[in-house]
Each structure stands twice: as structure tokens, then as C-alpha cells.
Amino acid sequence: MADPALNPARSIAYSPRRVAAMVLRYWYLLRSSWARLIELIYWPAVQMLMWGFLQLYIGQNASFFARASGIFIGAVLLWDILFRGQLGFSVSFLEEMYARNLGNLMMSPLRSTEFISALMIMSIVRLAIGMVPVSLLAIAFFGFNLYGLGLALAAFFANLILTSWAVGIFVSGLVLRNGLGAETFAWSIMFLFLPLTCVYYPVAILPEYLQYVAWVLPPTFVFEGMRALLIDHVFRADLMLQAFALNAVLMTAAAVAYLKLVDSAREQGSLLQTGE
Amino acid sequence: MARTQAIAVDQLVKVYKNVTAVDGISFALEAGSITGLLGGNGAGKTTTIATIMGLVIPTSGEVHVLGVDMARNRHRVLHRMNFESPYVEMPMRLTIRQNLTVFGMLYGVEDIAERIAAIAEELELTELLDRPTGKLSAGQKTRVSLAKSLINRPEVLLLDEPTASLDPDTADWVRGRLERYRAQRGTTVLLASHNMTEVERLCERVIIMKKGKIEDDDTPQHLLARYGRRTLEEVFLDVVRGRSEARQAAQ
């Protein structure tokens with residue numbers, strides 16, 4: 001007979017409590033390691049300072065960049081939302097592989113949707129720990145106020161974080177299916193987006209055939225939108241809506257791929273061997 | 001009164017590419033029973049246990065736990081099961097209390113603080129609760145793993161070599177706790193082990209696997225009588241090596 005202290009309905013349906021359990025697990029981990037916390041701030045700060053000083057230098061020598069102040073710093077901060085958002089998701093997942101704890105989780109009542117929800121929350125937590133101090137540094141050093149973008153920032157952030165989650169979900173499925181041998185994807189896959197989504201230059205710079213590729217990637221719309229806002233002072237809602245539509249497709253594809261990869265892992269027995 | 005079946009494995013086959021890990025095995029475990037699953041390396045024990053947990057999808061055949069098909073609906077019953085293995089670790093940087101809190105929440109335990117206090121007292125972990133799991137000795141880590149496996153008061157408990165790498169004293173202590181827990185709760189236990197003394201002491205039934213098939217399945221007493229041996233280890237060697245080969249080795 002089932003134990004009365006257990007709630008069977010809670011065990012079967014989507015459970016916010018199990019999501020909270022996983023968030024708590026990652027929070028305990030972050031709290032236990034100052035090195036992990038420092039690492040969250042270190043690279044975004046270095047990147048922002050480097051691009052900020054470069055922008056200052058170019059701005060002094062080119063009238064276009066002098067007019068479009070903040071374009072590089074804005075780009076690097078938005079890029080970090082995309083990149084660090086995905087890393088925040090994937091690193092939390094990889095922590096389970098490193099800790100050899102995945103077996104405990106896979107054999108617990110935790111469902112894939114709950115696990116993914118917890119990883120999404122942790123990607124925002126990790127992003128906030130890194131990006132909030134760095135965005136304040138950008139104000140202090142270069143007078144660039146990311147929050148001055150207002151509602152546009154909310155649209156940019158939502159689109160970028162959705163893309164980062166979609167990539168994170170897909171990569172987690174790959175690692176589940178193929179073990180830590182696929183870990184490299186978690187660290188490197190987003191760099192493919194760097195040239196193609198036109199973070200630092202307009203889409204028109206790309207060769208025509210690559211422009212077709214760029215326009216199927218949601219972040220391209222965000223970076224084009226950012227340039228429209230900073231250079232022409234126009235908020236392109238049309239670009240944001242197209243990005244949301246593409247993100248919906250991307251998230252659905254990533255979720256389907258993840259579930260298929262988990263099923264494949266159960267078929268191949270690879271959940272038993274989560275090493276290399 | 002006849003006991004109901006807690007675990008039912010029916011014509012289970014698992015093939016990985018060209019390798020048949022489990023080859024058409026069937027057995028049923030009655031609720032409240034404790035059964036040893038024996039076999040040499042590569043006999044199919046781990047695949048069998050993983051299939052019972054729903055971690056592996058069978059090539060053919062079915063596995064039911066507490067009446068639920070584990071290949072399709074394992075989430076209906078996972079909160080009533082648990083498992084322990086020295087090959088799966090608890091997060092090292094978290095304290096014992098933090099780990100047990102997380103797993104208590106995952107398993108839907110309502111009274112987590114009280115449950116942790118009770119289980120820590122039972123497994124003599126109270127003084128260690130706020131120590132990081134990674135800083136514990138092997139024996140202490142096994143006790144933490146055991147605490148995790150009992151946090152939800154499981155009706156079905158799968159143990160994969162629970163006393164591997166423990167010194168004899170600690171291993172004996174763990175066996176004693178397992179015996180006591182099962183007697184109190186009537187939990188169904190499936191124990192995979194290479195330790196024959198452990199199996200002889202704890203199990204009322206022994207299933208011996210070889211090359212993915214069940215070679216024998218009986219009580220320890222019947223196996224000893226049938227093979228004309230004094231210990232289960234000798235029986236095990238007879239089965240995995242083939243009787244004649246073992247006899248030659250003995251001579």
C-alpha cells in the first residue's frame with residue numbers, strides 16, 4: 001500500500017515542487033562554491049570592457065560610430081544573454097553528469113518537463129548573477145544604460161533567452177544520448193550563431209546565400225532590432241514578432257528532439273553509462 | 001493468504017545492436033519478499049534492474065512493477081520505488097541534509113524535516129547531517145545513499161551491490177539495517193550482489209543469471225541441497241563455470 005505521507009496525484013502530474021527541488025539543488029551548489037559565482041561575472045565583464053574600449057576608440061575616429069554610441073556594448077551584452085543563457089542551462093545539466101547523479105534523477109519521479117523547467121529557471125538565475133553587475137559596470141565605465149532600452153529590452157531578452165533554451169534543450173538531449181563525449185557541443189555550439197546572427201554587423205554584410213541562413217535564426221532579428229533602435233531610434237516590433245514565431249518553431253523542435261533522444265537513450269541503454 | 005506480485009518480468013529480451021544482454025527471462029516477486037539476483041559480469045543483472053526501473057526499454061517482453069508497465073507508464077509508480085547503488089553518487093558539494101531535502105521533495109515526501117531526522121537517527125547520520133557528502137568516508141557515503149533510497153518509504157527497493165567496497169563490519173551493519181527495515185515495512189527487495197554471504201543471509205530466494213538467461217531460481221536451502229554444496233558461493237561457481245569445470249577446478 002502506498003505510504004500516506006506521499007501524495008500520488010502530485011507524483012504523476014507536473015509538479016512545481018519537483019521543479020523547486022531541482023532549483024534548490026542547483027542553488028545549494030552555487031552557494032557552496034565562490035569560484036562558480038566569480039566565473040559567472042568574470043567573462044561577461046572582460047568582454048564588455050574589451051568591446052567598450054574598442055567602441056570608444058573607433059568612435060573617436062569615425063563619425064558613424066560616434067553617432068551610434070553603445071552599438072558594440074549593446075551587442076556584446078545581448079550576445080551574452082544568448083550565450084550565457086544557453087551555458088547557464090547546459091552547465092546545470094552537466095553538473096549532474098560530473099556528479100554522477102543523473103542515475104538518481106532518472107530513476108526518481110522527476111519528469112523531463114520538470115527537469116527542463118528547473119534548468120530554464122537556473123539559466124535565468126545564473127544569467128542575472130553575471131549580467132546585472134556587468135550591465136551596471138557598462139553604465140559606470142561607458143555611460144551605456146542597457147535598461148534605458150526599456151520595453152525593447154524585454155522583447156530582446158525574451159527572444160534571446162528562448163533561443164538559448166532551445167539550444168540548451170537540444171544539447172542536453174545529445175549529452176544524455178551520447179554521454180560526456182558530446183559535452184563539447186554544450187560549450188561551442190552557440191559560437192556558430194556568432195557570425196550567422198550578425199551580432200556586430202548588419203545582415204546586409206553577409207553574402208546573399210548566408211543571409212537566407214541568418215534570417216531563419218531568431219537572434220538575427222534581435223540584433224537587427226537593436227541596431228535599428230540605437231542608430232535610427234526606431235523599435236521594430238515586426239522583427240520581434242518574427243523572432244517570436246521562429247522561436248516557437250525552434251522550441252518545439254528542440255523539445256521533440258530531446259524526447260526522441262531520451263527515448264533513444266532508453267533504447268540503447270546509454271542512461272546507464274553517462275560517462276565518456 | 002497468497003501475496004500479490006510486486007514485480008513481474010515476462011519474457012524479457014533486451015538486445016543492444018548485436019549483443020543480447022537479456023534473453024527471454026521471466027520471474028515474479030511477491031510483495032514483501034527479498035530476492036537475490038546473482039550472476040557474473042555481463043550476465044544481464046544491471047540491464048534487468050534498469051529495465052525494472054524503466055531506464056531501459058525492452059526489445060520484447062514486459063516488466064510490471066506494482067501493476068504498472070514500466071516501459072510506458074513508469075511515472076505512475078516511481079514515487080513508490082527507490083534504488084541504491086554505489087555506482088551512482090549523491091552530489092558531493094551538498095550536505096547530507098541538503099541532498100536528502102532535494103530527494104525528499106522529488107519523491108513527494110510531505111514531512112521532510114521529520115523524515116530526515118528519523119532516518120538520520122536510524123542510520124546514525126544525525127551528527128553528520130550538515131557535513132558535505134564529498135567529505136564522508138565510503139561507509140558513511142553508503143549510509144547516505146541508503147538514507148536517500150529509504151526517504152520515501154519505498155514499497156519496492158532495488159539494491160545494486162549495496163555493500164560493495166565496504167569493510168566487513170560496516171557491510172554487516174548495513175545488512176542489519178536492511179533486514180530491520182524490510183521486517184518493519186514489508187518492502188519488496190531485489191538485491192543484485194556478488195557477495196554470497198550477504199545473499200545467503202538476507203534473501204529468501206535466489207535467481208542466478210548467466211549470459212542473459214536465468215540458470216536457476218530457488219531458495220538458498222534448496223539450491224545448496226540440489227547442488228550438494230555447503231555455501232552459495234560454491235553453487236554460484238558451479239553455475240557460472242559449468243558444473244563439470246568447477247568440479248575439475250576443485251579437484
# chains A, B, ... in the order shown; residues from 1 in each chain; ligands from 1
>>> residues_around(residues="region 90-93 of chain A", least_positions_apart="2", cutoff="8 Å", atoms="only C-alpha atoms", output="PyMOL selection string")
chain A and resi 26+86-88+95-97+119+122-123+168-169+171-172+186
>>> write_last_selection(atoms="N, CA and C atoms", output="PDB file, in the first residue's frame")
ATOM      1  N   TYR A  26      20.478  23.182  -7.361  1.00  0.00           N
ATOM      2  CA  TYR A  26      21.490  23.989  -8.062  1.00  0.00           C
ATOM      3  C   TYR A  26      21.863  25.229  -7.247  1.00  0.00           C
ATOM      4  N   GLN A  86      22.310  30.028 -22.607  1.00  0.00           N
ATOM      5  CA  GLN A  86      22.472  28.619 -23.002  1.00  0.00           C
ATOM      6  C   GLN A  86      23.480  27.914 -22.093  1.00  0.00           C
ATOM      7  N   LEU A  87      24.575  28.602 -21.778  1.00  0.00           N
ATOM      8  CA  LEU A  87      25.574  27.979 -20.892  1.00  0.00           C
ATOM      9  C   LEU A  87      24.976  27.704 -19.504  1.00  0.00           C
ATOM     10  N   GLY A  88      24.199  28.673 -19.013  1.00  0.00           N
ATOM     11  CA  GLY A  88      23.569  28.504 -17.698  1.00  0.00           C
ATOM     12  C   GLY A  88      22.690  27.268 -17.673  1.00  0.00           C
ATOM     13  N   GLU A  95      26.403  19.524 -14.615  1.00  0.00           N
ATOM     14  CA  GLU A  95      26.751  19.288 -13.204  1.00  0.00           C
ATOM     15  C   GLU A  95      26.261  17.908 -12.764  1.00  0.00           C
ATOM     16  N   GLU A  96      25.107  17.474 -13.293  1.00  0.00           N
ATOM     17  CA  GLU A  96      24.577  16.160 -12.922  1.00  0.00           C
ATOM     18  C   GLU A  96      25.447  15.043 -13.476  1.00  0.00           C
ATOM     19  N   MET A  97      25.996  15.290 -14.680  1.00  0.00           N
ATOM     20  CA  MET A  97      26.875  14.278 -15.269  1.00  0.00           C
ATOM     21  C   MET A  97      28.173  14.197 -14.472  1.00  0.00           C
ATOM     22  N   LEU A 119      16.033  23.746 -15.226  1.00  0.00           N
ATOM     23  CA  LEU A 119      17.227  24.227 -15.931  1.00  0.00           C
ATOM     24  C   LEU A 119      16.985  25.619 -16.517  1.00  0.00           C
ATOM     25  N   MET A 122      17.248  28.068 -13.694  1.00  0.00           N
ATOM     26  CA  MET A 122      18.651  28.251 -13.303  1.00  0.00           C
ATOM     27  C   MET A 122      19.430  29.057 -14.333  1.00  0.00           C
ATOM     28  N   SER A 123      19.049  28.936 -15.608  1.00  0.00           N
ATOM     29  CA  SER A 123      19.764  29.735 -16.612  1.00  0.00           C
ATOM     30  C   SER A 123      19.503  31.220 -16.361  1.00  0.00           C
ATOM     31  N   GLY A 168      19.934  24.832 -25.563  1.00  0.00           N
ATOM     32  CA  GLY A 168      20.284  24.087 -24.339  1.00  0.00           C
ATOM     33  C   GLY A 168      19.533  22.770 -24.241  1.00  0.00           C
ATOM     34  N   ILE A 169      18.267  22.779 -24.582  1.00  0.00           N
ATOM     35  CA  ILE A 169      17.453  21.545 -24.522  1.00  0.00           C
ATOM     36  C   ILE A 169      18.005  20.513 -25.503  1.00  0.00           C
ATOM     37  N   VAL A 171      21.042  20.311 -26.822  1.00  0.00           N
ATOM     38  CA  VAL A 171      22.375  19.840 -26.407  1.00  0.00           C
ATOM     39  C   VAL A 171      22.264  18.854 -25.236  1.00  0.00           C
ATOM     40  N   SER A 172      21.359  19.128 -24.299  1.00  0.00           N
ATOM     41  CA  SER A 172      21.177  18.213 -23.162  1.00  0.00           C
ATOM     42  C   SER A 172      20.738  16.839 -23.658  1.00  0.00           C
ATOM     43  N   ALA A 186      28.014  21.542 -25.825  1.00  0.00           N
ATOM     44  CA  ALA A 186      27.459  22.467 -24.833  1.00  0.00           C
ATOM     45  C   ALA A 186      28.267  23.756 -24.769  1.00  0.00           C
TER      46      ALA A 186
END
>>> residues_around(residues="Met240 (chain A)", least_positions_apart="2", cutoff="12 Å", atoms="only C-alpha atoms", output="PyMOL selection string")
chain A and resi 151-160+218-226+228+235-238+242-247
>>> write_last_selection(atoms="N, CA and C atoms", output="compact mmCIF listing (two decimals), in the first residue's frame")
# COMPACT_ATOMS: atom_id res chain seq x y z
N LEU A 151 11.12 48.83 -22.83
CA LEU A 151 10.35 47.64 -23.21
C LEU A 151 11.03 46.85 -24.32
N ALA A 152 11.79 47.55 -25.15
CA ALA A 152 12.51 46.85 -26.22
C ALA A 152 13.45 45.81 -25.62
N LEU A 153 14.07 46.16 -24.49
CA LEU A 153 14.99 45.22 -23.84
C LEU A 153 14.23 43.95 -23.43
N ALA A 154 13.01 44.14 -22.95
CA ALA A 154 12.21 42.96 -22.56
C ALA A 154 11.97 42.05 -23.76
N ALA A 155 11.65 42.64 -24.91
CA ALA A 155 11.42 41.84 -26.13
C ALA A 155 12.72 41.17 -26.59
N PHE A 156 13.82 41.93 -26.55
CA PHE A 156 15.12 41.36 -26.93
C PHE A 156 15.46 40.18 -26.01
N PHE A 157 15.32 40.43 -24.69
CA PHE A 157 15.69 39.41 -23.71
C PHE A 157 14.85 38.15 -23.90
N ALA A 158 13.53 38.34 -24.05
CA ALA A 158 12.64 37.17 -24.18
C ALA A 158 13.02 36.33 -25.38
N ASN A 159 13.28 36.98 -26.51
CA ASN A 159 13.64 36.23 -27.71
C ASN A 159 14.99 35.53 -27.58
N LEU A 160 15.96 36.23 -27.01
CA LEU A 160 17.29 35.62 -26.88
C LEU A 160 17.28 34.45 -25.90
N PRO A 218 16.38 33.22 -34.94
CA PRO A 218 15.70 34.31 -34.21
C PRO A 218 16.63 35.42 -33.71
N PRO A 219 17.85 35.10 -33.21
CA PRO A 219 18.67 36.21 -32.69
C PRO A 219 19.03 37.26 -33.75
N THR A 220 19.06 36.87 -35.03
CA THR A 220 19.36 37.84 -36.09
C THR A 220 18.36 39.00 -36.02
N PHE A 221 17.10 38.70 -35.79
CA PHE A 221 16.06 39.72 -35.73
C PHE A 221 16.29 40.65 -34.53
N VAL A 222 16.80 40.04 -33.44
CA VAL A 222 17.05 40.84 -32.23
C VAL A 222 18.20 41.82 -32.48
N PHE A 223 19.28 41.33 -33.06
CA PHE A 223 20.44 42.21 -33.26
C PHE A 223 20.15 43.28 -34.32
N GLU A 224 19.37 42.92 -35.32
CA GLU A 224 18.94 43.94 -36.30
C GLU A 224 18.05 44.97 -35.60
N GLY A 225 17.17 44.45 -34.72
CA GLY A 225 16.27 45.33 -33.97
C GLY A 225 17.04 46.28 -33.07
N MET A 226 18.10 45.75 -32.45
CA MET A 226 18.91 46.58 -31.56
C MET A 226 19.59 47.72 -32.35
N ALA A 228 18.56 49.01 -35.16
CA ALA A 228 17.51 49.96 -35.57
C ALA A 228 17.20 50.92 -34.43
N PHE A 235 11.85 51.33 -32.81
CA PHE A 235 11.64 49.98 -32.30
C PHE A 235 10.91 49.17 -33.35
N ARG A 236 11.55 48.11 -33.85
CA ARG A 236 10.97 47.30 -34.93
C ARG A 236 10.18 46.13 -34.33
N ALA A 237 8.91 46.38 -34.04
CA ALA A 237 8.05 45.33 -33.47
C ALA A 237 7.88 44.17 -34.44
N ASP A 238 7.92 44.48 -35.74
CA ASP A 238 7.75 43.41 -36.74
C ASP A 238 8.89 42.38 -36.62
N GLN A 242 8.47 38.33 -35.64
CA GLN A 242 9.03 37.25 -36.46
C GLN A 242 9.96 36.37 -35.63
N ALA A 243 10.74 37.01 -34.76
CA ALA A 243 11.65 36.24 -33.89
C ALA A 243 10.86 35.33 -32.96
N PHE A 244 9.77 35.85 -32.39
CA PHE A 244 8.93 35.01 -31.51
C PHE A 244 8.38 33.81 -32.27
N ALA A 245 7.93 34.04 -33.50
CA ALA A 245 7.37 32.94 -34.30
C ALA A 245 8.43 31.87 -34.56
N LEU A 246 9.63 32.33 -34.94
CA LEU A 246 10.71 31.37 -35.19
C LEU A 246 11.12 30.64 -33.90
N ASN A 247 11.10 31.38 -32.78
CA ASN A 247 11.44 30.73 -31.51
C ASN A 247 10.44 29.66 -31.13
>>> interface_residues(of="chain B", to="chain A", cutoff="7 Å", atoms="only C-alpha atoms", output="list in words")
Tyr16, Met53, Leu55, Val56, Ile57, His75, Arg76, Leu78, His79, Arg80, Val88, Glu89, Met90, Pro91, Met92, Arg93, Leu94, Val102, Met105, Leu106, Tyr107, Gly108, Val109, Glu110 and Arg153 of chain B
>>> write_last_selection(atoms="C-alpha atoms", output="PDB file, in the first residue's frame")
ATOM      1  CA  TYR B  16      21.910  -3.901 -27.824  1.00  0.00           C
ATOM      2  CA  MET B  53      13.308   0.887 -13.125  1.00  0.00           C
ATOM      3  CA  LEU B  55      15.555   3.207 -17.608  1.00  0.00           C
ATOM      4  CA  VAL B  56      15.845   0.720 -20.457  1.00  0.00           C
ATOM      5  CA  ILE B  57      13.087  -0.114 -22.926  1.00  0.00           C
ATOM      6  CA  HIS B  75       5.991   7.763 -13.715  1.00  0.00           C
ATOM      7  CA  ARG B  76       2.830   6.306 -12.208  1.00  0.00           C
ATOM      8  CA  LEU B  78       8.376   5.702  -9.445  1.00  0.00           C
ATOM      9  CA  HIS B  79       7.398   7.558  -6.265  1.00  0.00           C
ATOM     10  CA  ARG B  80       6.646   4.177  -4.639  1.00  0.00           C
ATOM     11  CA  VAL B  88      25.546   6.258  -8.706  1.00  0.00           C
ATOM     12  CA  GLU B  89      26.649   9.035  -6.386  1.00  0.00           C
ATOM     13  CA  MET B  90      24.996  11.828  -4.476  1.00  0.00           C
ATOM     14  CA  PRO B  91      26.128  15.408  -5.264  1.00  0.00           C
ATOM     15  CA  MET B  92      29.365  15.806  -3.319  1.00  0.00           C
ATOM     16  CA  ARG B  93      29.235  19.532  -2.546  1.00  0.00           C
ATOM     17  CA  LEU B  94      25.805  19.349  -0.971  1.00  0.00           C
ATOM     18  CA  VAL B 102      16.144  17.627  -2.507  1.00  0.00           C
ATOM     19  CA  MET B 105      10.951  16.863  -2.449  1.00  0.00           C
ATOM     20  CA  LEU B 106      11.495  14.882  -5.654  1.00  0.00           C
ATOM     21  CA  TYR B 107       9.775  11.851  -4.147  1.00  0.00           C
ATOM     22  CA  GLY B 108       6.859  13.877  -2.792  1.00  0.00           C
ATOM     23  CA  VAL B 109       7.608  13.286   0.889  1.00  0.00           C
ATOM     24  CA  GLU B 110       5.328  15.586   2.896  1.00  0.00           C
ATOM     25  CA  ARG B 153       9.481   4.664   2.489  1.00  0.00           C
TER      26      ARG B 153
END
>>> select_by_dssp(residues="region 4-123 of chain B", states="helix (DSSP H, G or I)", output="ChimeraX atom specification")
/B:45-53,70-76,78-80,96-106,112-122
>>> write_last_selection(atoms="C-alpha atoms", output="tab-separated table (two decimals), in the first residue's frame")
chain	number	residue	atom	x	y	z
B	45	LYS	CA	21.76	-8.20	-13.94
B	46	THR	CA	22.24	-4.47	-14.44
B	47	THR	CA	20.12	-4.43	-17.62
B	48	THR	CA	17.40	-6.37	-15.79
B	49	ILE	CA	17.39	-3.91	-12.88
B	50	ALA	CA	17.50	-0.91	-15.23
B	51	THR	CA	14.54	-2.31	-17.15
B	52	ILE	CA	12.63	-2.80	-13.91
B	53	MET	CA	13.31	0.89	-13.12
B	70	MET	CA	7.45	0.29	-16.72
B	71	ALA	CA	8.25	0.84	-20.40
B	72	ARG	CA	5.19	3.04	-20.89
B	73	ASN	CA	3.95	4.40	-17.56
B	74	ARG	CA	6.83	4.32	-15.11
B	75	HIS	CA	5.99	7.76	-13.72
B	76	ARG	CA	2.83	6.31	-12.21
B	78	LEU	CA	8.38	5.70	-9.45
B	79	HIS	CA	7.40	7.56	-6.26
B	80	ARG	CA	6.65	4.18	-4.64
B	96	ILE	CA	23.62	15.27	3.65
B	97	ARG	CA	20.66	17.35	4.83
B	98	GLN	CA	20.56	19.29	1.54
B	99	ASN	CA	20.72	16.10	-0.51
B	100	LEU	CA	18.01	14.41	1.48
B	101	THR	CA	15.83	17.55	1.29
B	102	VAL	CA	16.14	17.63	-2.51
B	103	PHE	CA	15.35	13.93	-2.90
B	104	GLY	CA	12.55	14.14	-0.34
B	105	MET	CA	10.95	16.86	-2.45
B	106	LEU	CA	11.49	14.88	-5.65
B	112	ILE	CA	10.66	16.14	5.00
B	113	ALA	CA	12.33	17.63	8.11
B	114	GLU	CA	10.83	14.98	10.38
B	115	ARG	CA	11.61	12.23	7.90
B	116	ILE	CA	15.24	13.33	7.59
B	117	ALA	CA	15.59	13.45	11.38
B	118	ALA	CA	14.08	9.97	11.75
B	119	ILE	CA	16.11	8.35	9.00
B	120	ALA	CA	19.31	10.06	10.16
B	121	GLU	CA	18.77	8.64	13.63
B	122	GLU	CA	18.02	5.19	12.23
>>> select_by_dssp(residues="region 136-185 of chain B", states="strand (DSSP E)", output="JSON, numbers by chain")
{"B": [156, 157, 158, 159, 160]}
>>> write_last_selection(atoms="N, CA and C atoms", output="mmCIF file, in the first residue's frame")
data_model
loop_
_atom_site.group_PDB
_atom_site.id
_atom_site.type_symbol
_atom_site.label_atom_id
_atom_site.label_comp_id
_atom_site.auth_asym_id
_atom_site.auth_seq_id
_atom_site.Cartn_x
_atom_site.Cartn_y
_atom_site.Cartn_z
ATOM 1 N N VAL B 156 8.914 -0.833 -3.092
ATOM 2 C CA VAL B 156 9.832 -1.683 -3.864
ATOM 3 C C VAL B 156 11.215 -1.045 -3.820
ATOM 4 N N LEU B 157 12.193 -1.825 -3.402
ATOM 5 C CA LEU B 157 13.550 -1.299 -3.260
ATOM 6 C C LEU B 157 14.509 -2.160 -4.081
ATOM 7 N N LEU B 158 15.236 -1.501 -4.991
ATOM 8 C CA LEU B 158 16.225 -2.211 -5.806
ATOM 9 C C LEU B 158 17.614 -1.841 -5.311
ATOM 10 N N LEU B 159 18.394 -2.841 -4.992
ATOM 11 C CA LEU B 159 19.734 -2.601 -4.442
ATOM 12 C C LEU B 159 20.762 -3.248 -5.355
ATOM 13 N N ASP B 160 21.710 -2.437 -5.836
ATOM 14 C CA ASP B 160 22.750 -2.953 -6.726
ATOM 15 C C ASP B 160 24.070 -2.965 -5.944
#
>>> residues_around(residues="region 22-35 of chain B", least_positions_apart="4", cutoff="6 Å", atoms="only C-alpha atoms", output="NGL selection string")
:B and (3-14 or 44 or 186-190 or 203-206 or 212-213)
>>> write_last_selection(atoms="N, CA and C atoms", output="short mmCIF file (atom, residue, chain, number, x, y, z; two decimals), in the first residue's frame")
data_model
loop_
_atom_site.label_atom_id
_atom_site.label_comp_id
_atom_site.auth_asym_id
_atom_site.auth_seq_id
_atom_site.Cartn_x
_atom_site.Cartn_y
_atom_site.Cartn_z
N ARG B 3 0.38 -13.86 -1.40
CA ARG B 3 0.88 -12.48 -1.52
C ARG B 3 0.75 -12.03 -2.98
N THR B 4 0.52 -10.74 -3.16
CA THR B 4 0.40 -10.22 -4.53
C THR B 4 1.79 -10.00 -5.13
N GLN B 5 1.80 -9.88 -6.47
CA GLN B 5 3.08 -9.67 -7.15
C GLN B 5 3.49 -8.20 -7.12
N ALA B 6 4.69 -7.92 -6.65
CA ALA B 6 5.20 -6.55 -6.67
C ALA B 6 5.95 -6.28 -7.98
N ILE B 7 6.72 -7.27 -8.42
CA ILE B 7 7.46 -7.13 -9.68
C ILE B 7 7.15 -8.35 -10.56
N ALA B 8 6.78 -8.11 -11.81
CA ALA B 8 6.53 -9.22 -12.73
C ALA B 8 7.32 -8.98 -14.02
N VAL B 9 8.25 -9.87 -14.30
CA VAL B 9 9.06 -9.79 -15.52
C VAL B 9 8.61 -10.93 -16.42
N ASP B 10 8.18 -10.59 -17.64
CA ASP B 10 7.58 -11.60 -18.51
C ASP B 10 8.28 -11.65 -19.87
N GLN B 11 8.99 -12.72 -20.12
CA GLN B 11 9.66 -12.96 -21.41
C GLN B 11 10.51 -11.76 -21.84
N LEU B 12 11.26 -11.23 -20.90
CA LEU B 12 12.05 -10.01 -21.16
C LEU B 12 13.26 -10.31 -22.05
N VAL B 13 13.35 -9.55 -23.14
CA VAL B 13 14.51 -9.64 -24.03
C VAL B 13 15.06 -8.23 -24.23
N LYS B 14 16.37 -8.08 -24.11
CA LYS B 14 17.00 -6.81 -24.44
C LYS B 14 18.23 -7.06 -25.30
N GLY B 44 23.73 -9.90 -17.24
CA GLY B 44 22.46 -9.23 -17.55
C GLY B 44 21.74 -8.67 -16.33
N GLY B 186 7.66 -4.29 5.31
CA GLY B 186 7.16 -5.26 4.34
C GLY B 186 7.52 -4.88 2.91
N THR B 187 8.67 -4.23 2.75
CA THR B 187 9.12 -3.78 1.42
C THR B 187 9.58 -4.97 0.57
N THR B 188 9.29 -4.90 -0.73
CA THR B 188 9.82 -5.89 -1.66
C THR B 188 11.23 -5.47 -2.05
N VAL B 189 12.18 -6.38 -1.90
CA VAL B 189 13.58 -6.02 -2.18
C VAL B 189 14.15 -6.95 -3.24
N LEU B 190 14.77 -6.36 -4.26
CA LEU B 190 15.55 -7.13 -5.23
C LEU B 190 17.00 -6.69 -5.08
N CYS B 203 18.51 -13.16 1.72
CA CYS B 203 17.50 -13.49 0.69
C CYS B 203 16.77 -14.79 0.97
N GLU B 204 15.47 -14.76 0.71
CA GLU B 204 14.66 -15.97 0.83
C GLU B 204 14.55 -16.68 -0.51
N ARG B 205 15.04 -16.01 -1.57
CA ARG B 205 15.01 -16.61 -2.90
C ARG B 205 16.21 -16.08 -3.68
N VAL B 206 16.76 -16.93 -4.54
CA VAL B 206 17.93 -16.52 -5.32
C VAL B 206 17.69 -16.83 -6.80
N GLY B 212 22.58 -13.74 -19.92
CA GLY B 212 21.25 -13.19 -20.21
C GLY B 212 20.08 -14.09 -19.90
N LYS B 213 20.37 -15.31 -19.45
CA LYS B 213 19.27 -16.23 -19.14
C LYS B 213 19.27 -16.56 -17.64
#
